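Q: One file: entry-v8.txt (compact mmCIF, C-alpha atoms).
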# COMPACT_ATOMS: atom_id res chain seq x y z
CA MET Z 1308 12.36 -34.47 -34.39
CA THR Z 1309 9.49 -31.98 -34.41
CA CYS Z 1310 9.81 -28.26 -34.97
CA ASP Z 1311 9.49 -27.75 -31.22
CA ASP Z 1312 12.41 -30.13 -30.71
CA HIS Z 1313 14.53 -28.21 -33.21
CA ARG Z 1314 13.56 -24.84 -31.71
CA ALA Z 1315 14.30 -26.16 -28.24
CA ARG Z 1316 17.74 -27.23 -29.38
CA PHE Z 1317 18.29 -23.83 -30.99
CA LEU Z 1318 17.38 -22.14 -27.71
CA ALA Z 1319 19.82 -24.37 -25.87
CA GLU Z 1320 22.74 -24.39 -28.29
CA GLY Z 1321 22.16 -21.80 -31.00
CA ALA Z 1322 22.58 -22.60 -34.68
CA THR Z 1323 24.06 -26.08 -35.08
CA PRO Z 1324 24.48 -28.20 -38.23
CA ALA Z 1325 21.36 -30.11 -37.24
CA TRP Z 1326 19.41 -26.86 -36.99
CA SER Z 1327 20.74 -25.59 -40.30
CA GLY Z 1328 19.69 -28.84 -41.94
CA HIS Z 1329 16.16 -28.54 -40.58
CA ALA Z 1330 15.82 -24.79 -41.22
CA GLY Z 1331 16.81 -25.38 -44.82
CA THR Z 1332 13.59 -27.33 -45.30
CA CYS Z 1333 11.23 -25.61 -42.85
CA VAL Z 1334 9.96 -22.13 -43.72
CA ALA Z 1335 8.19 -21.70 -40.35
CA CYS Z 1336 11.34 -22.37 -38.33
CA ARG Z 1337 13.45 -20.24 -40.65
CA ALA Z 1338 11.03 -17.37 -40.13
CA VAL Z 1339 11.41 -17.35 -36.35
CA VAL Z 1340 15.23 -17.41 -36.20
CA PRO Z 1341 15.47 -13.68 -35.31
CA GLU Z 1342 12.98 -14.15 -32.50
CA LEU Z 1343 14.72 -17.28 -31.21
CA ASP Z 1344 18.01 -15.38 -31.22
CA SER Z 1345 16.34 -12.62 -29.24
CA LEU Z 1346 14.97 -15.16 -26.77
CA ARG Z 1347 18.44 -16.63 -26.26
CA ARG Z 1348 19.75 -13.16 -25.46
CA ARG Z 1349 16.91 -12.61 -23.00
CA LEU Z 1350 17.70 -15.88 -21.22
CA ALA Z 1351 21.28 -14.72 -20.75
CA ASP Z 1352 20.25 -11.20 -19.68
CA PRO Z 1353 20.72 -10.56 -15.92
CA ASP Z 1354 17.47 -8.56 -15.88
CA SER Z 1355 15.56 -11.78 -16.61
CA TRP Z 1356 16.80 -13.29 -13.35
CA GLN Z 1357 16.52 -10.45 -10.83
CA SER Z 1358 13.75 -10.18 -8.25
CA PRO Z 1359 12.54 -7.38 -5.98
CA GLY Z 1360 13.89 -7.28 -2.43
CA PRO Z 1361 12.03 -9.13 0.36
CA GLY Z 1362 10.46 -5.96 1.77
CA VAL Z 1363 8.54 -5.11 -1.39
CA GLU Z 1364 5.95 -7.83 -0.90
CA GLU Z 1365 5.10 -6.56 2.57
CA ARG Z 1366 4.89 -2.98 1.31
CA VAL Z 1367 2.43 -4.13 -1.36
CA LEU Z 1368 0.32 -5.92 1.23
CA ASP Z 1369 0.43 -2.89 3.52
CA ALA Z 1370 -0.57 -0.59 0.67
CA VAL Z 1371 -3.47 -2.86 -0.26
CA ALA Z 1372 -4.61 -3.10 3.35
CA GLY Z 1373 -4.36 0.65 3.83
CA SER Z 1374 -6.03 1.53 0.58
CA PRO Z 1375 -9.22 3.57 0.97
CA GLY Z 1376 -10.96 1.12 -1.32
CA ARG Z 1377 -11.32 0.36 -4.95
CA ARG Z 1378 -13.39 2.36 -7.37
CA ARG Z 1379 -16.42 0.56 -8.70
CA PRO Z 1380 -16.93 0.58 -12.47
CA GLY Z 1381 -18.27 3.96 -13.50
CA GLN Z 1382 -16.59 5.80 -10.67
CA GLU Z 1383 -13.65 7.13 -12.58
CA ARG Z 1384 -11.28 9.54 -10.93
CA PRO Z 1385 -11.58 13.01 -12.54
CA ARG Z 1386 -8.49 13.84 -14.51
CA TRP Z 1387 -8.72 17.57 -14.13
CA TRP Z 1388 -7.29 19.74 -11.39
CA VAL Z 1389 -8.90 18.86 -8.12
CA ALA Z 1390 -8.74 21.68 -5.63
CA VAL Z 1391 -9.61 19.80 -2.45
CA ALA Z 1392 -8.49 22.02 0.37
CA VAL Z 1393 -8.44 19.64 3.32
CA ALA Z 1394 -6.11 21.69 5.45
CA ALA Z 1395 -7.17 20.47 8.91
CA ALA Z 1396 -4.45 21.33 11.43
CA LEU Z 1397 -3.53 18.65 14.00
CA VAL Z 1398 -3.59 19.96 17.58
CA LEU Z 1399 -1.11 18.60 20.10
CA VAL Z 1400 -3.04 18.07 23.34
CA VAL Z 1401 -1.27 16.63 26.34
CA ALA Z 1402 -3.64 17.57 29.15
CA GLY Z 1403 -6.82 15.52 29.47
CA GLY Z 1404 -5.22 12.30 28.36
CA LEU Z 1405 -5.03 13.16 24.67
CA ALA Z 1406 -1.62 13.11 23.06
CA LEU Z 1407 -0.42 13.24 19.53
CA ASN Z 1408 1.06 9.92 18.53
CA ARG Z 1409 4.71 10.59 17.81
CA ASP Z 1410 5.35 7.17 16.38
CA ARG Z 1411 7.64 6.81 13.39
CA PRO Z 1412 6.21 8.08 10.10
CA ASP Z 1413 5.45 5.65 7.30
CA TRP Z 1414 7.63 7.72 5.03
CA SER Z 1415 9.84 10.81 5.06
CA LEU Z 1416 11.12 12.82 2.18
CA ARG Z 1417 13.60 15.64 1.83
CA LEU Z 1418 12.22 18.03 -0.77
CA GLU Z 1419 14.59 19.56 -3.26
CA ALA Z 1420 14.94 23.31 -3.21
CA VAL Z 1421 13.86 24.81 -6.52
CA ASP Z 1422 13.54 28.53 -5.96
CA VAL Z 1423 14.33 29.43 -2.36
CA PRO Z 1424 17.04 31.32 -0.50
CA ILE Z 1425 20.31 29.50 -0.01
CA GLY Z 1426 20.14 27.35 3.08
CA ALA Z 1427 16.37 26.82 3.01
CA GLY Z 1428 15.27 23.23 3.38
CA ALA Z 1429 12.14 21.15 3.77
CA VAL Z 1430 11.45 17.66 5.04
CA ILE Z 1431 7.97 16.17 4.91
CA SER Z 1432 6.80 13.06 6.74
CA GLY Z 1433 3.59 11.10 6.34
CA TRP Z 1434 1.51 8.71 8.42
CA ASN Z 1435 -0.94 6.54 6.47
CA THR Z 1436 -4.41 6.23 8.00
CA ALA Z 1437 -7.78 4.97 6.84
CA ALA Z 1438 -8.88 8.57 6.29
CA GLY Z 1439 -5.85 9.67 4.28
CA THR Z 1440 -2.38 10.87 5.20
CA ARG Z 1441 -1.33 12.90 8.21
CA LEU Z 1442 1.50 15.16 7.11
CA GLU Z 1443 4.17 16.99 9.02
CA LEU Z 1444 6.35 19.46 7.18
CA ILE Z 1445 9.47 21.00 8.68
CA VAL Z 1446 10.66 24.04 6.75
CA SER Z 1447 13.73 26.06 7.61
CA GLY Z 1448 15.18 29.21 6.14
CA LEU Z 1449 11.98 30.24 4.32
CA PRO Z 1450 10.87 33.89 4.65
CA PRO Z 1451 7.22 34.57 5.54
CA ALA Z 1452 4.92 34.99 2.54
CA GLU Z 1453 4.31 38.66 1.78
CA GLY Z 1454 0.97 40.46 1.68
CA HIS Z 1455 -1.93 38.08 1.03
CA GLY Z 1456 0.41 35.41 -0.22
CA TYR Z 1457 0.95 31.97 1.30
CA TYR Z 1458 2.73 28.72 0.62
CA GLU Z 1459 0.76 25.67 -0.50
CA ILE Z 1460 1.57 21.96 -0.37
CA TRP Z 1461 0.50 19.86 -3.39
CA MET Z 1462 0.33 16.14 -4.06
CA THR Z 1463 0.18 14.97 -7.67
CA SER Z 1464 -0.70 11.59 -9.18
CA PRO Z 1465 1.23 10.02 -12.07
CA ASP Z 1466 -1.52 11.04 -14.49
CA GLY Z 1467 -1.40 14.69 -13.42
CA ALA Z 1468 -4.25 15.06 -10.95
CA HIS Z 1469 -3.39 17.58 -8.21
CA VAL Z 1470 -4.62 17.69 -4.65
CA SER Z 1471 -3.93 20.52 -2.24
CA ALA Z 1472 -2.56 19.23 1.05
CA GLY Z 1473 -2.62 22.45 3.04
CA THR Z 1474 -1.31 25.99 3.22
CA PHE Z 1475 0.99 27.92 5.52
CA ARG Z 1476 2.50 31.39 5.74
CA ALA Z 1477 5.94 30.85 7.29
CA GLY Z 1478 8.47 28.13 7.96
CA GLY Z 1479 8.66 25.94 11.02
CA ARG Z 1480 6.77 22.77 11.86
CA ILE Z 1481 3.51 22.52 9.87
CA SER Z 1482 0.95 19.80 10.54
CA THR Z 1483 -1.67 19.15 7.91
CA TRP Z 1484 -3.77 16.45 6.33
CA ALA Z 1485 -4.38 15.02 2.85
CA GLY Z 1486 -7.34 12.88 1.85
CA VAL Z 1487 -5.12 10.83 -0.45
CA THR Z 1488 -2.09 8.59 -0.06
CA ARG Z 1489 1.43 9.05 -1.30
CA ALA Z 1490 1.14 5.74 -3.11
CA GLU Z 1491 -1.56 7.34 -5.30
CA TYR Z 1492 -0.06 10.84 -5.39
CA PRO Z 1493 3.69 10.35 -5.18
CA ARG Z 1494 4.85 13.78 -6.21
CA ILE Z 1495 4.95 16.31 -3.37
CA TRP Z 1496 5.77 19.95 -4.05
CA ILE Z 1497 5.31 23.37 -2.52
CA THR Z 1498 4.40 26.58 -4.30
CA LEU Z 1499 4.26 30.25 -3.38
CA GLU Z 1500 0.77 31.57 -4.00
CA ALA Z 1501 -0.05 35.23 -4.45
CA GLY Z 1502 -3.68 34.88 -3.39
CA ALA Z 1503 -6.71 32.61 -3.26
CA GLY Z 1504 -7.71 30.47 -6.26
CA PRO Z 1505 -8.17 26.83 -7.25
CA ASP Z 1506 -5.09 26.54 -9.41
CA SER Z 1507 -1.43 26.57 -8.53
CA SER Z 1508 0.63 29.66 -9.28
CA ARG Z 1509 3.28 27.34 -10.67
CA THR Z 1510 5.88 29.14 -8.63
CA VAL Z 1511 7.47 25.97 -7.33
CA ILE Z 1512 9.81 26.40 -4.41
CA PHE Z 1513 10.26 22.80 -3.27
CA ASP Z 1514 9.73 19.57 -5.19
CA SER Z 1515 10.14 15.87 -4.57
CA MET N 1274 -0.08 -19.07 -13.58
CA PRO N 1275 -2.41 -18.54 -10.62
CA ASP N 1276 -5.58 -20.56 -10.94
CA GLU N 1277 -8.88 -19.01 -11.88
CA ARG N 1278 -10.03 -19.16 -8.30
CA THR N 1279 -7.13 -16.99 -7.14
CA ILE N 1280 -7.77 -14.51 -9.94
CA ARG N 1281 -11.47 -14.42 -9.07
CA HIS N 1282 -10.64 -13.72 -5.45
CA PHE N 1283 -8.18 -11.03 -6.45
CA VAL N 1284 -10.75 -9.40 -8.73
CA ALA N 1285 -13.30 -9.62 -5.95
CA GLY N 1286 -10.96 -7.66 -3.70
CA ASP N 1287 -9.72 -10.49 -1.49
CA GLU N 1288 -6.49 -9.20 0.03
CA ARG N 1289 -5.28 -12.75 0.67
CA ALA N 1290 -5.19 -13.38 -3.07
CA VAL N 1291 -2.87 -10.40 -3.47
CA ARG N 1292 0.02 -12.37 -2.01
CA ASP N 1293 -0.49 -15.25 -4.44
CA VAL N 1294 -0.75 -12.94 -7.42
CA TYR N 1295 2.32 -11.00 -6.25
CA ARG N 1296 4.42 -14.15 -5.96
CA GLU N 1297 3.34 -15.25 -9.41
CA PHE N 1298 3.97 -12.01 -11.29
CA SER N 1299 6.43 -9.91 -9.28
CA GLY N 1300 9.37 -11.37 -11.18
CA ALA N 1301 7.97 -10.40 -14.56
CA VAL N 1302 6.99 -6.92 -13.35
CA PHE N 1303 10.44 -6.40 -11.85
CA THR N 1304 12.16 -7.59 -15.02
CA ILE N 1305 10.39 -5.12 -17.30
CA ALA N 1306 10.82 -2.31 -14.77
CA LEU N 1307 14.55 -2.99 -14.43
CA THR N 1308 14.90 -3.32 -18.20
CA ALA N 1309 13.18 0.03 -18.75
CA LEU N 1310 14.55 2.08 -15.85
CA ARG N 1311 17.99 0.50 -15.27
CA GLU N 1312 17.84 1.21 -11.53
CA ARG N 1313 16.87 -1.28 -8.86
CA SER N 1314 15.20 1.14 -6.43
CA LEU N 1315 13.01 2.57 -9.18
CA ALA N 1316 12.14 -0.92 -10.39
CA GLU N 1317 11.02 -1.88 -6.88
CA GLU N 1318 8.88 1.24 -6.76
CA VAL N 1319 7.27 0.13 -10.02
CA VAL N 1320 6.53 -3.29 -8.55
CA GLN N 1321 4.88 -1.82 -5.48
CA GLU N 1322 2.83 0.69 -7.46
CA THR N 1323 1.81 -1.85 -10.12
CA PHE N 1324 0.26 -4.30 -7.68
CA THR N 1325 -1.37 -1.51 -5.72
CA ARG N 1326 -2.97 -0.08 -8.85
CA ALA N 1327 -3.93 -3.51 -10.11
CA TRP N 1328 -5.71 -4.31 -6.88
CA ARG N 1329 -7.55 -0.99 -6.92
CA ALA N 1330 -8.56 -1.47 -10.57
CA SER N 1331 -9.32 -5.18 -10.39
CA ALA N 1332 -13.07 -4.56 -10.41
CA ARG N 1333 -12.60 -3.37 -14.01
CA PHE N 1334 -10.55 -6.39 -15.09
CA ASP N 1335 -11.91 -8.08 -18.20
CA PRO N 1336 -11.29 -11.84 -17.96
CA ALA N 1337 -11.42 -12.13 -21.74
CA ARG N 1338 -8.21 -10.16 -21.95
CA GLY N 1339 -6.09 -12.41 -19.75
CA PHE N 1340 -4.67 -11.43 -16.41
CA GLY N 1341 -1.01 -11.43 -17.48
CA PRO N 1342 -1.43 -8.96 -20.38
CA TRP N 1343 -3.65 -6.77 -18.20
CA LEU N 1344 -1.06 -6.64 -15.44
CA TYR N 1345 1.70 -6.05 -18.00
CA ALA N 1346 -0.15 -3.00 -19.33
CA ILE N 1347 -0.38 -1.55 -15.83
CA ALA N 1348 3.29 -2.25 -15.11
CA ARG N 1349 4.43 -0.63 -18.32
CA ARG N 1350 2.31 2.45 -17.63
CA VAL N 1351 3.78 2.75 -14.13
CA ALA N 1352 7.30 2.39 -15.52
CA VAL N 1353 6.61 5.16 -18.03
CA ASP N 1354 5.28 7.43 -15.25
CA VAL N 1355 8.36 6.83 -13.12
CA TYR N 1356 10.65 7.39 -16.08
CA ARG N 1357 8.99 10.69 -16.93
CA ARG N 1358 9.07 11.81 -13.32
CA GLU N 1359 12.80 11.11 -13.08
CA ARG N 1360 13.47 12.86 -16.36
CA ARG N 1361 11.60 15.96 -15.16
CA HIS N 1362 13.74 16.10 -12.05
CA GLU N 1363 16.90 15.76 -14.07
CA ARG N 1364 15.98 18.67 -16.27
CA ASP N 1365 14.82 20.80 -13.30
CA ARG N 1366 11.55 21.62 -15.00
CA VAL N 1367 8.95 23.71 -13.17
CA ASP N 1368 6.15 23.13 -15.62
CA VAL N 1369 3.50 21.23 -13.72
CA GLU N 1370 1.64 20.04 -16.77
CA ALA N 1371 2.29 16.52 -18.02
CA ASP N 1372 4.89 17.15 -20.70
CA VAL N 1373 5.87 14.88 -23.51
CA VAL N 1374 9.07 13.06 -22.64
CA ALA N 1375 10.48 10.80 -25.29
CA LEU N 1376 10.92 7.29 -23.93
CA SER N 1377 14.31 5.67 -23.78
CA PRO N 1378 15.05 2.80 -26.19
CA SER N 1379 15.12 0.62 -23.08
CA PHE N 1380 11.30 0.61 -23.30
CA GLU N 1381 11.43 -1.37 -26.53
CA GLY N 1382 10.92 -5.08 -26.28
CA LEU N 1383 9.30 -5.00 -22.84
CA TRP N 1384 6.56 -7.42 -23.87
CA GLU N 1385 9.17 -9.94 -24.96
CA ALA N 1386 11.02 -9.46 -21.66
CA TRP N 1387 7.76 -10.08 -19.80
CA GLN N 1388 7.01 -13.25 -21.75
CA VAL N 1389 10.49 -14.69 -21.26
CA ARG N 1390 10.50 -14.00 -17.53
CA SER N 1391 6.97 -15.40 -17.17
CA ALA N 1392 7.97 -18.54 -19.07
CA VAL N 1393 11.10 -19.00 -16.94
CA ASP N 1394 9.16 -18.50 -13.70
CA ALA N 1395 6.61 -21.09 -14.85
CA LEU N 1396 9.30 -23.80 -15.17
CA PRO N 1397 9.62 -26.41 -12.43
CA ALA N 1398 12.28 -25.30 -9.98
CA GLU N 1399 14.84 -27.93 -10.98
CA GLU N 1400 14.51 -27.06 -14.67
CA ARG N 1401 14.69 -23.34 -13.95
CA ALA N 1402 17.93 -23.92 -12.06
CA VAL N 1403 19.47 -25.58 -15.12
CA ILE N 1404 18.38 -22.74 -17.42
CA GLU N 1405 19.81 -20.19 -15.03
CA ALA N 1406 23.09 -22.06 -14.73
CA THR N 1407 23.59 -22.63 -18.46
CA HIS N 1408 22.22 -19.40 -19.91
CA TYR N 1409 22.62 -16.72 -17.26
CA ARG N 1410 25.81 -17.98 -15.65
CA ASP N 1411 27.10 -19.58 -18.84
CA LEU N 1412 28.13 -22.84 -17.19
CA THR N 1413 28.73 -25.98 -19.18
CA MET N 1414 26.54 -29.01 -18.51
CA GLU N 1415 29.35 -30.55 -16.50
CA MET N 1416 29.88 -27.42 -14.39
CA ALA N 1417 26.12 -27.08 -13.88
CA ALA N 1418 25.91 -30.70 -12.74
CA GLU N 1419 28.71 -30.18 -10.25
CA GLU N 1420 27.12 -27.01 -8.86
CA LEU N 1421 23.63 -28.48 -8.66
CA GLY N 1422 24.91 -31.72 -7.19
CA VAL N 1423 23.28 -33.99 -9.77
CA PRO N 1424 24.63 -36.25 -12.53
CA VAL N 1425 25.36 -34.72 -15.92
CA GLY N 1426 22.69 -36.94 -17.46
CA THR N 1427 20.10 -35.43 -15.11
CA VAL N 1428 21.16 -31.92 -16.11
CA LYS N 1429 20.86 -32.83 -19.77
CA SER N 1430 17.38 -34.29 -19.40
CA ARG N 1431 16.21 -31.32 -17.31
CA SER N 1432 17.72 -29.00 -19.90
CA TYR N 1433 15.93 -30.81 -22.71
CA ARG N 1434 12.55 -30.63 -20.95
CA ALA N 1435 13.03 -26.98 -19.98
CA HIS N 1436 13.98 -25.88 -23.46
CA ARG N 1437 11.07 -27.84 -24.94
CA ARG N 1438 8.68 -26.01 -22.61
CA LEU N 1439 10.25 -22.64 -23.42
CA ALA N 1440 10.25 -23.25 -27.15
CA HIS N 1441 6.65 -24.40 -27.05
CA ARG N 1442 5.52 -21.45 -24.99
CA LEU N 1443 7.61 -18.76 -26.64
CA GLY N 1444 8.35 -20.06 -30.12
CA HIS N 1445 4.72 -20.39 -31.17
CA ILE N 1446 3.94 -16.92 -29.88
CA ARG N 1447 6.77 -15.55 -31.96
CA GLU N 1448 5.57 -17.46 -35.00
CA ALA N 1449 2.09 -16.02 -34.55
CA THR N 1450 3.44 -12.48 -34.54
CA ALA N 1451 6.26 -12.92 -37.10
Any chance you could put this one into structure tokens?
A:
Amino acid sequence: MTCDDHRARFLAEGATPAWSGHAGTCVACRAVVPELDSLRRRLADPDSWQSPGPGVEERVLDAVAGSPGRRRPGQERPRWWVAVAVAAALVLVVAGGLALNRDRPDWSLRLEAVDVPIGAGAVISGWNTAAGTRLELIVSGLPPAEGHGYYEIWMTSPDGAHVSAGTFRAGGRISTWAGVTRAEYPRIWITLEAGAGPDSSRTVIFDS
Amino acid sequence: MPDERTIRHFVAGDERAVRDVYREFSGAVFTIALTALRERSLAEEVVQETFTRAWRASARFDPARGFGPWLYAIARRVAVDVYRRERRHERDRVDVEADVVALSPSFEGLWEAWQVRSAVDALPAEERAVIEATHYRDLTMEMAAEELGVPVGTVKSRSYRAHRRLAHRLGHIREATA
């Protein structure tokens, strides 16, 4: 029997007299016993046999199809704060044949209240498009921002890049737009801003 | 392992190749995500995000590195990001800067988990079924034969071939790094 044969038997059965006899004369096989033991544990581990649900594949294909495109080499995404105010409000027009498509959103998220009055809540929904994400935020129980202040919606990527997704002054139904997708910028949060400026105040009132 | 043509198409941005690559590697990605995060829904999120990022970054893929290790690196990074995000929520932090969150011990050994899952997925279906029955479900050869509807001798020969493949693929790698 070759070393592979012995190691195969060890994987299948563990340490047997035949293995012990071989390992006693083979330094290479003796050296890999801890790793072979670890491999046997991995083969018995339920995690080694689980698979993602059937819908994940389609979500991947949808995300790839809806992606705005890949970056070419040299076009690295800046890793500093990106203050891209793309707050274009969506206008609901019924007359003249134009109507806002009220189809189901691609995703909806209830944001957790961080620093708001008791009873305040926020739900944000998104529709993926080739130009970015159409957002609709429904906020209840939130007092109007005072003075020159306003509330601002942020989307953040896993590596910390921030994109502003619009501003508003009081609760209700807010329609806005982001030039990025939730797949790229999964964290969605809302801050209270005291005045104009490129950076967030860090006064977080809602967070995903 | 997807053939070079599929990888080339994937790297070139062919969306049709995404499905092939997904079916080849989704098991390994899911295994390391589940091992690290211990929650199925988060692991599925890692799978989705990994393939999306890989597709977007495929123009920068270096063939000399090997597609599997490259995809593993992306998957592990995504799992770390998800882990840190979940930890921030648990601690109710308001600091928006990327803070240092110590990783759980569950992140150790992810490369080994990836290799084992990849090796198992690469087995012929009938051999994989025997490995699953005898290792994961801890059936004897006789019980495995009854469940699979084949003679015990067939189970034994499939087991022998499967373990030879696994030992050859995994044992030598271990020896090289021991």
Q: In the coordinate frame of the file, compute which residues have an atom within 6 Å of (2.5, 19.4, 9.8) when using all atoms listed in the file, and state them as a list in words.
A: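 Residues with an atom at most 6 Å from (2.5, 19.4, 9.8): Leu1442, Glu1443, Leu1444, Arg1480, Ile1481, Ser1482 and Thr1483 of chain Z.
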Q: Could you tell me, as a PyMOL selection string, which residues have any atom at most 12 Å from (0.2, -12.1, 3.4), counting all atoms listed in the file?
A: (chain Z and resi 1363-1372) or (chain N and resi 1287-1296)
Q: Chain Z residues within 7 Å of chain N, counting only C-alpha atoms: which ones, as a VMD selection string?
A: chain Z and resid 1311 to 1312 1314 to 1315 1318 to 1319 1339 1342 1349 to 1355 1357 to 1359 1363 1366 to 1367 1370 to 1371 1376 to 1380 1465 1467 1490 1509 1511
Q: Between CA of Leu1412 in chain N and CA of Gly1426 in chain N, what distance in Å does the model show, to one decimal?
A: 15.1 Å
Q: What does the distance from CA of Leu1416 in chain Z to CA of Ser1432 in chain Z come to in Å, to one decimal?
A: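 It comes out at 6.3 Å.
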Q: Name all residues at most 9 Å from Glu1415 in chain N (count only C-alpha atoms; drop same-chain ones fewer than 5 positions away) and give them as a ChimeraX atom specification.
A: /N:1420,1424-1425,1428
Q: Limited to C-alpha atoms, could you put the picked residues into a file as a CSV table (one decimal), in the frame of the given file?
A:
chain,number,residue,atom,x,y,z
N,1420,GLU,CA,27.1,-27.0,-8.9
N,1424,PRO,CA,24.6,-36.2,-12.5
N,1425,VAL,CA,25.4,-34.7,-15.9
N,1428,VAL,CA,21.2,-31.9,-16.1
Q: Counting all atoms listed in the file, which residue out of Z:Val1423, Z:Leu1449, Z:Ile1460, Z:Ala1338 sits closest to Glu1500 in chain Z?
A: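 Answer, going by the shortest atom-to-atom distance: Z:Ile1460.
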Q: Can you work out which one of N:Phe1380, N:Tyr1356, N:Phe1283, N:Phe1298 has the shortest atom-to-atom distance to Pro1342 in chain N, counting all atoms listed in the file?
A: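 Distance minimum relative to Pro1342 in chain N lands on N:Phe1298.
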Q: Mind giving me the straight-line distance from CA of Pro1450 in chain Z to CA of Ala1501 in chain Z in Å, one decimal?
A: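 Taking CA of Pro1450 in chain Z as the start and CA of Ala1501 in chain Z as the end point, the length is 14.3 Å.
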Q: Could you pull the residues within 9 Å of range 1325-1332 of chain Z, counting only C-alpha atoms, minus those fewer than 6 positions along the same chain, as a CSV table (one decimal) with C-alpha atoms, in the coordinates of the input?
A:
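Okay, this is what ended up in out.csv:
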chain,number,residue,atom,x,y,z
Z,1310,CYS,CA,9.8,-28.3,-35.0
Z,1313,HIS,CA,14.5,-28.2,-33.2
Z,1314,ARG,CA,13.6,-24.8,-31.7
Z,1316,ARG,CA,17.7,-27.2,-29.4
Z,1317,PHE,CA,18.3,-23.8,-31.0
Z,1338,ALA,CA,11.0,-17.4,-40.1
Z,1340,VAL,CA,15.2,-17.4,-36.2
Q: Pick the closest to Leu1499 in chain Z from Z:Arg1441, Z:His1469, Z:His1455, Z:Arg1337: which is it, counting only C-alpha atoms?
A: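 Answer, going by the shortest atom-to-atom distance: Z:His1455.
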Q: Counting all atoms listed in the file, figure out which residue out of Z:Gly1428, Z:Glu1453, Z:Glu1459, Z:Asp1466 gets nearest to Gly1479 in chain Z.
A: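 Of the candidates, the smallest distance to Gly1479 in chain Z is held by Z:Gly1428.
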Q: Complete the atoms of range 1480-1493 of chain Z to N, CA and C atoms and put them out as a CSV table (one decimal), in the frame of the given file.
A:
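result.csv was written with the following content:
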chain,number,residue,atom,x,y,z
Z,1480,ARG,N,7.4,24.1,11.9
Z,1480,ARG,CA,6.8,22.8,11.9
Z,1480,ARG,C,5.3,22.9,11.5
Z,1481,ILE,N,4.9,22.4,10.4
Z,1481,ILE,CA,3.5,22.5,9.9
Z,1481,ILE,C,2.8,21.2,9.9
Z,1482,SER,N,1.7,21.1,10.5
Z,1482,SER,CA,1.0,19.8,10.5
Z,1482,SER,C,-0.3,20.0,9.7
Z,1483,THR,N,-0.5,19.0,8.8
Z,1483,THR,CA,-1.7,19.2,7.9
Z,1483,THR,C,-2.2,17.8,7.5
Z,1484,TRP,N,-3.1,17.7,6.6
Z,1484,TRP,CA,-3.8,16.4,6.3
Z,1484,TRP,C,-4.1,16.4,4.8
Z,1485,ALA,N,-4.0,15.2,4.2
Z,1485,ALA,CA,-4.4,15.0,2.8
Z,1485,ALA,C,-5.3,13.8,2.8
Z,1486,GLY,N,-6.4,14.0,2.0
Z,1486,GLY,CA,-7.3,12.9,1.8
Z,1486,GLY,C,-6.9,11.8,0.9
Z,1487,VAL,N,-5.6,11.8,0.5
Z,1487,VAL,CA,-5.1,10.8,-0.4
Z,1487,VAL,C,-3.8,10.2,0.1
Z,1488,THR,N,-3.3,9.2,-0.5
Z,1488,THR,CA,-2.1,8.6,-0.1
Z,1488,THR,C,-0.9,8.9,-1.0
Z,1489,ARG,N,0.3,8.8,-0.5
Z,1489,ARG,CA,1.4,9.0,-1.3
Z,1489,ARG,C,1.6,8.0,-2.4
Z,1490,ALA,N,1.1,6.8,-2.1
Z,1490,ALA,CA,1.1,5.7,-3.1
Z,1490,ALA,C,0.4,6.2,-4.4
Z,1491,GLU,N,-0.8,6.9,-4.2
Z,1491,GLU,CA,-1.6,7.3,-5.3
Z,1491,GLU,C,-1.0,8.6,-5.9
Z,1492,TYR,N,-0.5,9.5,-5.0
Z,1492,TYR,CA,-0.1,10.8,-5.4
Z,1492,TYR,C,1.4,11.0,-4.9
Z,1493,PRO,N,2.3,10.4,-5.7
Z,1493,PRO,CA,3.7,10.4,-5.2
Z,1493,PRO,C,4.5,11.7,-5.2
